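Everything below belongs to target_37.cif, which stores mmCIF, C-alpha atoms.
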data_entry
#
loop_
_atom_site.label_atom_id
_atom_site.label_comp_id
_atom_site.auth_asym_id
_atom_site.auth_seq_id
_atom_site.Cartn_x
_atom_site.Cartn_y
_atom_site.Cartn_z
CA MET U 1 108.17 104.15 149.20
CA HIS U 2 106.10 104.04 146.00
CA LEU U 3 106.72 106.70 143.35
CA GLU U 4 103.02 107.01 142.56
CA THR U 5 102.37 108.22 146.14
CA LEU U 6 104.79 111.14 145.81
CA ASN U 7 103.64 114.60 144.78
CA ASP U 8 105.51 116.90 142.39
CA LYS U 9 107.30 118.68 145.23
CA ASP U 10 108.57 115.39 146.66
CA LEU U 11 109.88 114.34 143.26
CA ARG U 12 111.72 117.61 142.76
CA ILE U 13 113.28 117.32 146.19
CA ILE U 14 114.69 113.85 145.58
CA GLY U 15 115.72 114.83 142.05
CA ILE U 16 113.77 112.21 140.17
CA LEU U 17 112.43 113.05 136.74
CA ILE U 18 109.56 110.89 135.58
CA THR U 19 108.12 110.96 132.07
CA VAL U 20 104.50 109.85 132.21
CA THR U 21 102.84 108.51 129.08
CA ILE U 22 99.42 107.28 128.06
CA GLU U 23 99.37 104.55 125.42
CA ILE U 24 96.41 104.13 123.06
CA ASP U 25 95.49 101.15 120.87
CA ASP U 26 92.40 99.68 119.19
CA ALA U 27 90.83 96.26 118.70
CA GLY U 28 88.01 95.10 116.46
CA THR U 29 88.36 97.67 113.67
CA GLY U 30 89.18 94.90 111.18
CA ASP U 31 86.59 92.45 112.48
CA PRO U 32 83.08 92.16 111.01
CA LEU U 33 81.12 92.39 114.27
CA LEU U 34 80.38 95.22 116.71
CA GLY U 35 82.14 98.56 116.83
CA ALA U 36 85.74 98.83 117.99
CA ALA U 37 87.36 99.03 121.40
CA ILE U 38 89.85 101.79 122.19
CA GLY U 39 92.23 101.04 125.05
CA PHE U 40 94.23 103.47 127.19
CA TYR U 41 97.14 102.51 129.44
CA ARG U 42 99.10 104.72 131.82
CA ARG U 43 102.12 102.48 132.24
CA GLU U 44 103.64 104.26 135.24
CA THR U 45 100.54 103.73 137.40
CA ASP U 46 99.23 100.61 135.63
CA GLU U 47 95.89 102.29 134.86
CA LEU U 48 93.66 100.88 132.12
CA HIS U 49 90.62 102.54 130.57
CA PHE U 50 88.39 101.68 127.61
CA GLU U 51 86.14 103.56 125.23
CA TRP U 52 84.24 102.32 122.18
CA ILE U 53 83.61 103.37 118.61
CA PRO U 54 79.88 102.59 118.41
CA ILE U 55 78.56 100.03 115.94
CA GLU U 56 76.43 102.79 114.38
CA ALA U 57 79.62 104.31 112.94
CA TYR U 58 79.89 101.24 110.70
CA GLN U 59 76.25 100.51 109.95
CA GLU U 60 74.10 101.10 106.91
CA GLY U 61 72.11 104.29 107.20
CA THR U 62 74.65 106.07 109.38
CA TYR U 63 78.01 104.93 107.99
CA ARG U 64 79.96 107.22 105.71
CA LYS U 65 83.60 107.33 104.79
CA GLY U 66 85.62 108.85 107.62
CA LEU U 67 82.94 108.43 110.30
CA PRO U 68 84.77 105.64 112.21
CA GLN U 69 87.86 107.88 112.34
CA GLU U 70 85.75 110.77 113.66
CA GLU U 71 84.26 108.54 116.35
CA ALA U 72 87.74 107.25 117.22
CA ALA U 73 88.89 110.85 117.73
CA LYS U 74 85.95 111.48 120.08
CA ALA U 75 86.71 108.26 121.96
CA VAL U 76 90.36 109.25 122.36
CA MET U 77 89.48 112.65 123.80
CA ARG U 78 86.88 111.09 126.13
CA GLY U 79 89.44 108.59 127.37
CA LEU U 80 92.12 111.20 128.00
CA LEU U 81 89.59 113.30 129.90
CA ALA U 82 88.59 110.28 131.99
CA LEU U 83 92.27 109.68 132.81
CA ASN U 84 92.68 113.35 133.68
CA ILE U 85 95.68 113.79 131.37
CA LYS U 86 98.37 116.09 132.75
CA GLU U 87 100.00 118.91 130.83
CA ASP U 88 103.41 117.21 130.79
CA GLU U 89 102.13 113.79 129.72
CA THR U 90 102.83 112.38 126.27
CA VAL U 91 100.32 110.28 124.36
CA MET U 92 101.76 107.25 122.57
CA ILE U 93 99.18 106.31 119.93
CA CYS U 94 98.96 103.36 117.55
CA GLN U 95 99.91 104.23 113.97
CA GLY U 96 96.77 102.71 112.42
CA SER U 97 94.62 104.81 110.08
CA ILE U 98 91.67 104.58 112.48
CA PHE U 99 93.48 107.23 114.56
CA ASP U 100 94.11 109.72 111.73
CA ARG U 101 91.47 112.17 113.00
CA ALA U 102 92.51 111.54 116.60
CA ARG U 103 96.03 112.73 115.83
CA ASP U 104 94.56 115.92 114.37
CA SER U 105 92.49 116.41 117.53
CA LEU U 106 95.56 115.94 119.71
CA ASP U 107 97.42 118.56 117.68
CA LYS U 108 94.56 121.04 118.03
CA ALA U 109 94.49 120.45 121.79
CA ASN U 110 98.29 120.91 122.00
CA ILE U 111 98.68 117.43 123.45
CA LYS U 112 102.07 115.89 122.73
CA HIS U 113 101.85 112.58 120.92
CA GLU U 114 104.18 110.07 119.33
CA PRO U 115 103.67 106.92 117.23
CA LEU U 116 103.55 103.66 119.14
CA LYS U 117 104.21 100.06 118.21
CA VAL U 118 101.76 98.48 120.60
CA GLU U 119 102.62 95.30 122.45
CA GLY U 120 102.33 93.81 125.89
CA VAL U 121 99.80 94.91 128.51
CA LEU U 122 97.73 97.32 126.42
CA GLN U 123 97.54 95.12 123.34
CA ASP U 124 96.37 92.15 125.40
CA ALA U 125 93.91 94.24 127.40
CA VAL U 126 92.18 95.99 124.49
CA GLU U 127 91.93 92.69 122.57
CA GLU U 128 90.32 91.11 125.62
CA GLU U 129 87.86 94.01 125.90
CA TYR U 130 86.72 93.38 122.32
CA ILE U 131 86.65 89.58 122.69
CA GLN U 132 84.52 89.73 125.83
CA ALA U 133 81.99 91.86 123.96
CA VAL U 134 81.93 89.25 121.18
CA GLU U 135 81.51 86.43 123.70
CA ALA U 136 78.56 88.30 125.20
CA LEU U 137 76.77 87.65 121.88
CA GLY U 138 77.03 83.93 122.62
CA ILE U 139 80.07 83.20 120.45
CA LYS U 140 82.49 80.82 122.13
CA SER U 141 85.64 79.64 120.38
CA LYS U 142 89.33 79.20 121.08
CA HIS U 143 89.96 81.04 117.81
CA LEU U 144 88.73 84.36 119.21
CA ARG U 145 92.03 84.93 120.99
CA VAL U 146 95.01 85.48 118.71
CA SER U 147 98.59 84.54 119.58
CA GLU U 148 101.65 86.46 118.43
CA ASP U 149 103.22 83.37 116.86
CA ASN U 150 100.93 83.22 113.84
CA LYS U 151 99.00 86.46 114.12
CA ASP U 152 98.00 87.03 110.48
CA LYS U 153 96.62 83.53 110.01
CA GLU U 154 94.75 83.60 113.32
CA TYR U 155 93.21 87.03 112.68
CA ARG U 156 91.98 85.71 109.35
CA LYS U 157 90.48 82.66 111.05
CA ARG U 158 88.72 84.87 113.61
CA TYR U 159 87.38 87.16 110.89
CA PHE U 160 85.66 84.30 109.07
CA LEU U 161 84.48 82.71 112.31
CA LEU U 162 82.61 85.92 113.17
CA LEU U 163 81.41 86.49 109.62
CA ASN U 164 80.03 82.97 109.31
CA TRP U 165 78.27 83.30 112.67
CA ALA U 166 76.48 86.38 111.36
CA LYS U 167 75.64 84.80 107.99
CA ARG U 168 73.98 81.75 109.56
CA LYS U 169 71.12 83.94 110.81
CA ALA U 170 71.66 87.06 108.75
CA LYS U 171 68.33 88.78 109.43
CA GLU U 172 68.54 88.24 113.17
CA ARG U 173 72.24 89.03 113.57
CA GLU U 174 72.80 91.81 111.06
CA LYS U 175 72.30 94.37 113.85
CA PHE U 176 75.68 93.26 115.24
CA VAL U 177 77.48 93.51 111.88
CA LYS U 178 79.46 96.39 110.38
CA ASN U 179 76.92 96.20 107.58
CA GLY U 180 77.67 99.60 106.09
CA LEU U 181 80.97 98.21 104.80
CA ASN U 182 81.29 96.46 101.47
CA PHE U 183 82.07 92.96 102.73
CA TRP U 184 78.56 92.41 104.11
CA LYS U 185 76.76 93.18 100.86
CA TYR U 186 78.70 90.33 99.30
CA ALA U 187 78.60 87.94 102.26
CA LYS U 188 74.88 88.32 102.94
CA GLY U 189 73.99 87.59 99.33
CA GLN U 190 76.25 84.57 98.95
CA ARG U 191 73.84 81.71 99.37
CA ARG U 192 75.36 79.27 96.89
CA GLN U 193 77.27 76.51 98.62
CA ILE U 194 80.90 76.00 97.62
CA PRO U 195 81.34 72.31 96.68
CA GLY U 196 83.77 70.68 99.11
CA GLY U 197 84.15 73.87 101.12
CA TRP U 198 86.08 77.10 100.62
CA LYS U 199 89.58 75.74 101.31
CA GLN U 200 89.24 72.83 98.94
CA ALA U 201 87.76 75.02 96.20
CA ARG U 202 90.55 77.56 96.63
CA ARG U 203 93.27 74.90 96.51
CA LYS U 204 91.74 73.28 93.44
CA PHE U 205 91.42 76.59 91.61
CA GLU U 206 94.95 77.76 92.41
CA ASP U 207 96.51 74.39 91.54
CA LYS U 208 94.79 74.51 88.16
CA LEU U 209 96.01 78.07 87.58
CA MET U 210 99.58 77.03 88.31
CA SER U 211 99.25 74.01 86.04
CA ILE U 212 98.12 76.23 83.14
CA LEU U 213 101.08 78.56 83.68
CA LYS U 214 103.67 75.78 83.95
CA LYS U 215 102.41 74.02 80.83
CA SER U 216 102.50 77.22 78.79
CA LYS U 217 105.49 78.38 76.77
CA ASP U 218 107.86 81.08 78.00
CA THR U 219 106.43 83.33 75.29
CA LEU U 220 102.93 83.25 76.84
CA THR U 221 101.26 86.67 76.56
CA TRP U 222 98.39 88.06 78.59
CA GLY U 223 96.07 87.68 75.59
CA GLU U 224 96.90 83.97 75.30
CA LEU U 225 96.58 83.40 79.04
CA LYS U 226 93.27 85.25 79.09
CA HIS U 227 91.91 82.87 76.44
CA LYS U 228 93.10 79.80 78.40
CA LEU U 229 91.53 81.06 81.62
CA LYS U 230 88.18 81.74 79.98
CA SER U 231 88.24 78.24 78.48
CA ASN U 232 89.01 76.52 81.78
CA PHE U 233 86.79 78.26 84.33
CA PRO U 234 83.02 78.94 84.50
CA LYS U 235 82.11 82.55 83.75
CA ARG U 236 79.70 82.86 86.67
CA ASP U 237 82.48 82.07 89.19
CA VAL U 238 85.64 83.42 87.59
CA TRP U 239 85.71 86.82 85.91
CA VAL U 240 88.63 87.26 83.53
CA ASN U 241 89.71 90.76 82.47
CA HIS U 242 86.87 92.20 84.54
CA LYS U 243 86.11 95.88 83.86
CA LEU U 244 86.23 98.26 86.80
CA SER U 245 85.07 101.87 87.03
CA SER U 246 86.76 104.79 85.34
CA PHE U 247 88.66 106.21 88.30
CA GLY U 248 92.25 105.24 89.00
CA PRO U 249 94.77 104.08 86.36
CA THR U 250 92.93 103.84 83.05
CA ARG U 251 93.11 102.29 79.61
CA HIS U 252 91.69 103.80 76.41
CA ASN U 253 89.48 101.82 74.09
CA GLY U 254 88.49 102.54 70.51
CA ASN U 255 85.70 104.91 71.48
CA ASN U 256 88.09 107.00 73.57
CA THR U 257 86.33 106.09 76.82
CA THR U 258 88.39 105.07 79.81
CA PHE U 259 88.27 102.11 82.13
CA MET U 260 90.53 99.76 84.04
CA ARG U 261 90.50 96.00 84.30
CA VAL U 262 91.47 93.48 86.93
CA GLN U 263 93.04 90.34 85.48
CA VAL U 264 91.15 87.62 87.38
CA TYR U 265 88.53 87.86 90.11
CA ASN U 266 87.12 84.66 91.58
CA TYR U 267 83.64 85.68 92.66
CA LEU U 268 82.96 82.40 94.43
CA LEU U 269 86.07 82.72 96.62
CA GLY U 270 86.18 86.52 96.83
CA GLN U 271 89.82 86.57 95.73
CA VAL U 272 91.68 88.57 93.10
CA TYR U 273 94.52 87.06 91.05
CA PHE U 274 97.31 88.85 89.21
CA PHE U 275 100.11 87.77 86.89
CA LEU U 276 103.43 89.60 86.82
CA GLY U 277 106.11 89.22 84.20
CA GLU U 278 107.65 90.65 81.06
CA ARG U 279 104.66 89.75 78.86
CA PHE U 280 101.87 90.74 81.24
CA PRO U 281 100.53 94.35 81.30
CA GLU U 282 100.56 94.76 85.07
CA SER U 283 102.84 96.16 87.77
CA ALA U 284 103.03 95.35 91.47
CA GLY U 285 101.80 98.83 92.37
CA GLU U 286 98.85 98.63 89.98
CA LEU U 287 97.63 95.33 91.33
CA VAL U 288 97.27 96.69 94.87
CA TRP U 289 95.43 99.73 93.56
CA LYS U 290 93.05 97.54 91.58
CA ALA U 291 92.35 95.33 94.59
CA LEU U 292 91.41 98.49 96.48
CA ILE U 293 89.10 99.60 93.67
CA LEU U 294 87.41 96.18 93.72
CA LYS U 295 86.74 96.63 97.42
CA GLU U 296 85.47 100.18 96.87
CA GLU U 297 83.07 98.84 94.24
CA GLU U 298 81.50 96.58 96.87
CA TYR U 299 83.17 93.32 95.93
CA SER U 300 84.46 91.06 98.66
CA VAL U 301 88.27 90.88 98.65
CA ASN U 302 89.49 88.08 100.90
CA GLY U 303 92.79 87.54 99.17
CA VAL U 304 95.31 88.98 96.73
CA ILE U 305 97.24 86.20 95.01
CA ILE U 306 100.09 86.94 92.63
CA TYR U 307 101.79 84.64 90.13
CA VAL U 308 105.28 85.90 89.31
CA LYS U 309 107.18 84.76 86.24
CA ARG U 310 110.86 84.03 86.85
CA ASP U 311 112.15 86.32 84.09
CA LYS U 312 114.26 89.48 83.86
CA TYR U 313 111.72 91.44 85.93
CA TYR U 314 111.48 88.77 88.62
CA LYS U 315 113.82 90.38 91.19
CA ASP U 316 112.23 93.81 90.85
CA ASN U 317 108.74 92.36 91.14
CA MET U 318 109.65 90.38 94.26
CA LYS U 319 111.17 93.46 95.91
CA TRP U 320 108.00 95.43 95.25
CA LEU U 321 105.81 92.65 96.59
CA ALA U 322 107.89 92.36 99.77
CA PHE U 323 107.43 96.10 100.28
CA LEU U 324 103.69 95.95 99.59
CA ARG U 325 102.91 92.93 101.77
CA GLY U 326 102.41 94.87 105.01
CA LYS U 327 100.67 97.75 103.24
CA VAL U 328 98.04 95.47 101.71
CA LYS U 329 96.82 94.24 105.09
CA LYS U 330 96.55 97.81 106.38
CA LEU U 331 94.61 98.90 103.30
CA LEU U 332 92.37 95.88 102.80
CA GLY U 333 92.18 94.30 106.26
CA GLY U 334 94.17 91.95 108.46
CA HIS U 335 92.19 88.91 107.24
CA ILE U 336 93.56 89.27 103.70
CA ARG U 337 95.55 86.42 102.15
CA PHE U 338 98.52 87.96 100.35
CA VAL U 339 100.28 85.09 98.60
CA THR U 340 103.03 85.02 96.00
CA HIS U 341 103.57 82.02 93.72
CA VAL U 342 106.65 81.78 91.50
CA TYR U 343 106.70 79.75 88.30
#
What does the file become when written as structure tokens?
Amino acid sequence: MHLETLNDKDLRIIGILITVTIEIDDAGTGDPLLGAAIGFYRRETDELHFEWIPIEAYQEGTYRKGLPQEEAAKAVMRGLLALNIKEDETVMICQGSIFDRARDSLDKANIKHEPLKVEGVLQDAVEEEYIQAVEALGIKSKHLRVSEDNKDKEYRKRYFLLLNWAKRKAKEREKFVKNGLNFWKYAKGQRRQIPGGWKQARRKFEDKLMSILKKSKDTLTWGELKHKLKSNFPKRDVWVNHKLSSFGPTRHNGNNTTFMRVQVYNYLLGQVYFFLGERFPESAGELVWKALILKEEEYSVNGVIIYVKRDKYYKDNMKWLAFLRGKVKKLLGGHIRFVTHVY
């Protein structure tokens, strides 16, 4: 006898209490192409269902802040309706910010819901739904499918695989891109080739940074380091002490106007670099905020790299960075490099 063939009366008679749940997860929200897939899974009956956040929610001309979340909420309610959700069913929904509005909609509809750490059948199924849509564009690569063993690295590889595919024929393929988001404004305009490729340029730049720090005295201040950086790197590629807009944490200058600065932004690589230590005017919390502001101001942010001085603040800084590591990827995207170097 199969439980799914029994009606409520049968279940009451044999004294079995079953809690039925519907799990919800997304795929593609952090990728540069297409919209995003929303997957639904009723574990007890092994039912799968999919809805989509349309690409228009992310595209120039229609995109606005909060629209993807609104479309996700609509997709969630459509999916639950399609599954004919029962009054006593509980929705287990992924904790990602894409579902913020969906949780509000569930509350308004008096639908019970709980946070879910998604894994297994649903995670694999919704990822496959998104990947098949990508493959339908003609993109074939073993790097589209991500394994659990090295998830962060493989998501990053997939992100750039899809982005580079779009960039190769930008005019023709832009219709498939989340082009209302900041990353595309940078990526589309980056026509200058990186000598030796991105990885080699990144390694060379970061090795040189570390060399400057190691050769400097323990009394090195931010002012001294700033001078060394400006002397060693071309201004068009590496922006030192770059001024950001006036919102967020601010500094006052002589004219009593306010602004904030990010220590180093490598425009060529799309990475932001910070230096933490007793003699540097920066905190772990500030650096994440500034990386977010950079992204809001339409700069590409592919990585947040921190150089931590082994001084009396070292342990506190490392604790903060360990706490912030997971948060950064949620705020800036799963493709982000978040690397800590100690010197």
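CA of Val264 in chain U lies 22.4 Å from CA of Phe323 in chain U.
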Run the PyMOL selection byres ((chain U and resi 156) around 12) on the file and write out the hits as a list of chain:residue names.
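After applying the PyMOL selection byres ((chain U and resi 156) around 12), what remains is U:Gly30, U:Asp31, U:Pro32, U:His143, U:Leu144, U:Arg145, U:Val146, U:Asn150, U:Lys151, U:Asp152, U:Lys153, U:Glu154, U:Tyr155, U:Lys157, U:Arg158, U:Tyr159, U:Phe160, U:Leu161, U:Leu162, U:Leu163, U:Asn302, U:Gly303, U:Lys329, U:Gly333, U:Gly334, U:His335, U:Ile336, U:Arg337, U:Phe338.
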Skipping near chain neighbours, those fewer than 3 positions away, what residues fall within 6 Å of range 236-245 of chain U using all atoms listed in the file, listed as a list in words?
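My reading of the contact set: Phe259, Met260, Arg261, Val262, Gln263, Val264, Tyr265, Asn266, Tyr267 and Leu268 of chain U.
Distances from U:Gly196, U:Asp46, U:Arg279, U:Trp165 to Leu225 in chain U were compared using only C-alpha atoms, and the smallest one belongs to U:Arg279.
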Check the smallest atom-to-atom distance from each of U:Tyr41, U:His341, U:Lys330, U:Lys140 to Leu209 in chain U using only C-alpha atoms, then report the winner.
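Ranking U:Tyr41, U:His341, U:Lys330, U:Lys140 by distance to Leu209 in chain U, first place goes to U:His341.
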Any idea what's packed within 10 Å of Leu80 in chain U, counting all atoms listed in the file, ignoring anything in its chain fewer than 3 positions away? Could you give it as number ranges by chain?
U: 22, 24, 40, 49, 75-77, 83-86, 91
Selection dump of the PyMOL selection byres ((chain U and resi 313) around 12), as a PDB file with C-alpha atoms, in the frame of the given file:
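out.pdb, written as the output of this step:
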ATOM      1  CA  LEU U 276     103.430  89.600  86.820  1.00  0.00           C
ATOM      2  CA  GLY U 277     106.110  89.220  84.200  1.00  0.00           C
ATOM      3  CA  GLU U 278     107.650  90.650  81.060  1.00  0.00           C
ATOM      4  CA  ARG U 279     104.660  89.750  78.860  1.00  0.00           C
ATOM      5  CA  PHE U 280     101.870  90.740  81.240  1.00  0.00           C
ATOM      6  CA  GLU U 282     100.560  94.760  85.070  1.00  0.00           C
ATOM      7  CA  SER U 283     102.840  96.160  87.770  1.00  0.00           C
ATOM      8  CA  ALA U 284     103.030  95.350  91.470  1.00  0.00           C
ATOM      9  CA  VAL U 308     105.280  85.900  89.310  1.00  0.00           C
ATOM     10  CA  LYS U 309     107.180  84.760  86.240  1.00  0.00           C
ATOM     11  CA  ARG U 310     110.860  84.030  86.850  1.00  0.00           C
ATOM     12  CA  ASP U 311     112.150  86.320  84.090  1.00  0.00           C
ATOM     13  CA  LYS U 312     114.260  89.480  83.860  1.00  0.00           C
ATOM     14  CA  TYR U 314     111.480  88.770  88.620  1.00  0.00           C
ATOM     15  CA  LYS U 315     113.820  90.380  91.190  1.00  0.00           C
ATOM     16  CA  ASP U 316     112.230  93.810  90.850  1.00  0.00           C
ATOM     17  CA  ASN U 317     108.740  92.360  91.140  1.00  0.00           C
ATOM     18  CA  MET U 318     109.650  90.380  94.260  1.00  0.00           C
ATOM     19  CA  LYS U 319     111.170  93.460  95.910  1.00  0.00           C
ATOM     20  CA  TRP U 320     108.000  95.430  95.250  1.00  0.00           C
TER      21      TRP U 320
END
List as a PDB file with C-alpha atoms, in the frame of the given file the residues having at least one atom at most 10 Å from position (84.4, 97.4, 116.4) as given in the file, counting only C-alpha atoms.
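selection-v2.pdb, written as the output of this step:
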ATOM      1  CA  ASP U  26      92.400  99.680 119.190  1.00  0.00           C
ATOM      2  CA  ALA U  27      90.830  96.260 118.700  1.00  0.00           C
ATOM      3  CA  GLY U  28      88.010  95.100 116.460  1.00  0.00           C
ATOM      4  CA  THR U  29      88.360  97.670 113.670  1.00  0.00           C
ATOM      5  CA  GLY U  30      89.180  94.900 111.180  1.00  0.00           C
ATOM      6  CA  ASP U  31      86.590  92.450 112.480  1.00  0.00           C
ATOM      7  CA  PRO U  32      83.080  92.160 111.010  1.00  0.00           C
ATOM      8  CA  LEU U  33      81.120  92.390 114.270  1.00  0.00           C
ATOM      9  CA  LEU U  34      80.380  95.220 116.710  1.00  0.00           C
ATOM     10  CA  GLY U  35      82.140  98.560 116.830  1.00  0.00           C
ATOM     11  CA  ALA U  36      85.740  98.830 117.990  1.00  0.00           C
ATOM     12  CA  ALA U  37      87.360  99.030 121.400  1.00  0.00           C
ATOM     13  CA  ILE U  38      89.850 101.790 122.190  1.00  0.00           C
ATOM     14  CA  TRP U  52      84.240 102.320 122.180  1.00  0.00           C
ATOM     15  CA  ILE U  53      83.610 103.370 118.610  1.00  0.00           C
ATOM     16  CA  PRO U  54      79.880 102.590 118.410  1.00  0.00           C
ATOM     17  CA  ILE U  55      78.560 100.030 115.940  1.00  0.00           C
ATOM     18  CA  GLU U  56      76.430 102.790 114.380  1.00  0.00           C
ATOM     19  CA  ALA U  57      79.620 104.310 112.940  1.00  0.00           C
ATOM     20  CA  TYR U  58      79.890 101.240 110.700  1.00  0.00           C
ATOM     21  CA  PRO U  68      84.770 105.640 112.210  1.00  0.00           C
ATOM     22  CA  TYR U 130      86.720  93.380 122.320  1.00  0.00           C
ATOM     23  CA  ALA U 133      81.990  91.860 123.960  1.00  0.00           C
ATOM     24  CA  VAL U 134      81.930  89.250 121.180  1.00  0.00           C
ATOM     25  CA  PHE U 176      75.680  93.260 115.240  1.00  0.00           C
ATOM     26  CA  VAL U 177      77.480  93.510 111.880  1.00  0.00           C
ATOM     27  CA  LYS U 178      79.460  96.390 110.380  1.00  0.00           C
TER      28      LYS U 178
END
Interatomic distance between CA of Gly120 in chain U and CA of Lys108 in chain U?
29.4 Å
What does the PyMOL selection byres ((chain U and resi 89) around 10) select in this file, as a compact mmCIF listing (two decimals) with C-alpha atoms, in the coordinates of the input?
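The resulting file, selection-v5.txt, is reproduced below:
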# COMPACT_ATOMS: atom_id res chain seq x y z
CA ILE U 18 109.56 110.89 135.58
CA THR U 19 108.12 110.96 132.07
CA VAL U 20 104.50 109.85 132.21
CA THR U 21 102.84 108.51 129.08
CA ILE U 22 99.42 107.28 128.06
CA ARG U 42 99.10 104.72 131.82
CA ILE U 85 95.68 113.79 131.37
CA LYS U 86 98.37 116.09 132.75
CA GLU U 87 100.00 118.91 130.83
CA ASP U 88 103.41 117.21 130.79
CA THR U 90 102.83 112.38 126.27
CA VAL U 91 100.32 110.28 124.36
CA MET U 92 101.76 107.25 122.57
CA ILE U 111 98.68 117.43 123.45
CA LYS U 112 102.07 115.89 122.73
CA HIS U 113 101.85 112.58 120.92
Quote the spacing between CA of Val126 in chain U and CA of Gly39 in chain U in Å to one decimal place.
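Interatomic distance, CA of Val126 in chain U to CA of Gly39 in chain U: 5.1 Å.
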Between U:Ser216, U:Ser97, U:Asn232, U:Asn182, single out the one closest to Leu292 in chain U, counting all atoms listed in the file.
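For Leu292 in chain U, the nearest of the candidates is U:Asn182.
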Taking 4 positions as the minimum chain separation for residues in the same chain, which residues sit within 7 Å of Leu116 in chain U when counting only C-alpha atoms? Answer as a list in words.
Met92, Ile93, Cys94 and Gln95 of chain U
Which residue of U:Gly180, U:Gly223, U:Gly197, U:Gly138 approaches Arg64 in chain U most closely, using all atoms listed in the file
U:Gly180
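For the residues U:Arg43, U:Lys167, U:Lys74, U:Arg202, ranking by smallest atom-to-atom distance to Glu23 in chain U using only C-alpha atoms places U:Arg43 first.
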Please give the centre and size of the box around range 307-322 of chain U (axis-aligned, containing every atom listed in the file, 3 Å added per side), with values in Å to one decimal and written as JSON.
{"center_x": 108.0, "center_y": 89.7, "center_z": 91.8, "size_x": 18.5, "size_y": 17.4, "size_z": 21.9}
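Using only C-alpha atoms for every distance, the candidate list U:Ala73, U:Val301, U:Ile306, U:Ala291 yields U:Ile306 as the residue closest to Ala322 in chain U.
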Would you list the contacts of Glu206 in chain U as a PyMOL selection string, taking every protein, DNA or RNA residue within 10 Å and counting all atoms listed in the file, but skipping same-chain residues closer than 5 positions in sequence?
chain U and resi 200-201+211-212+273+305+307+341
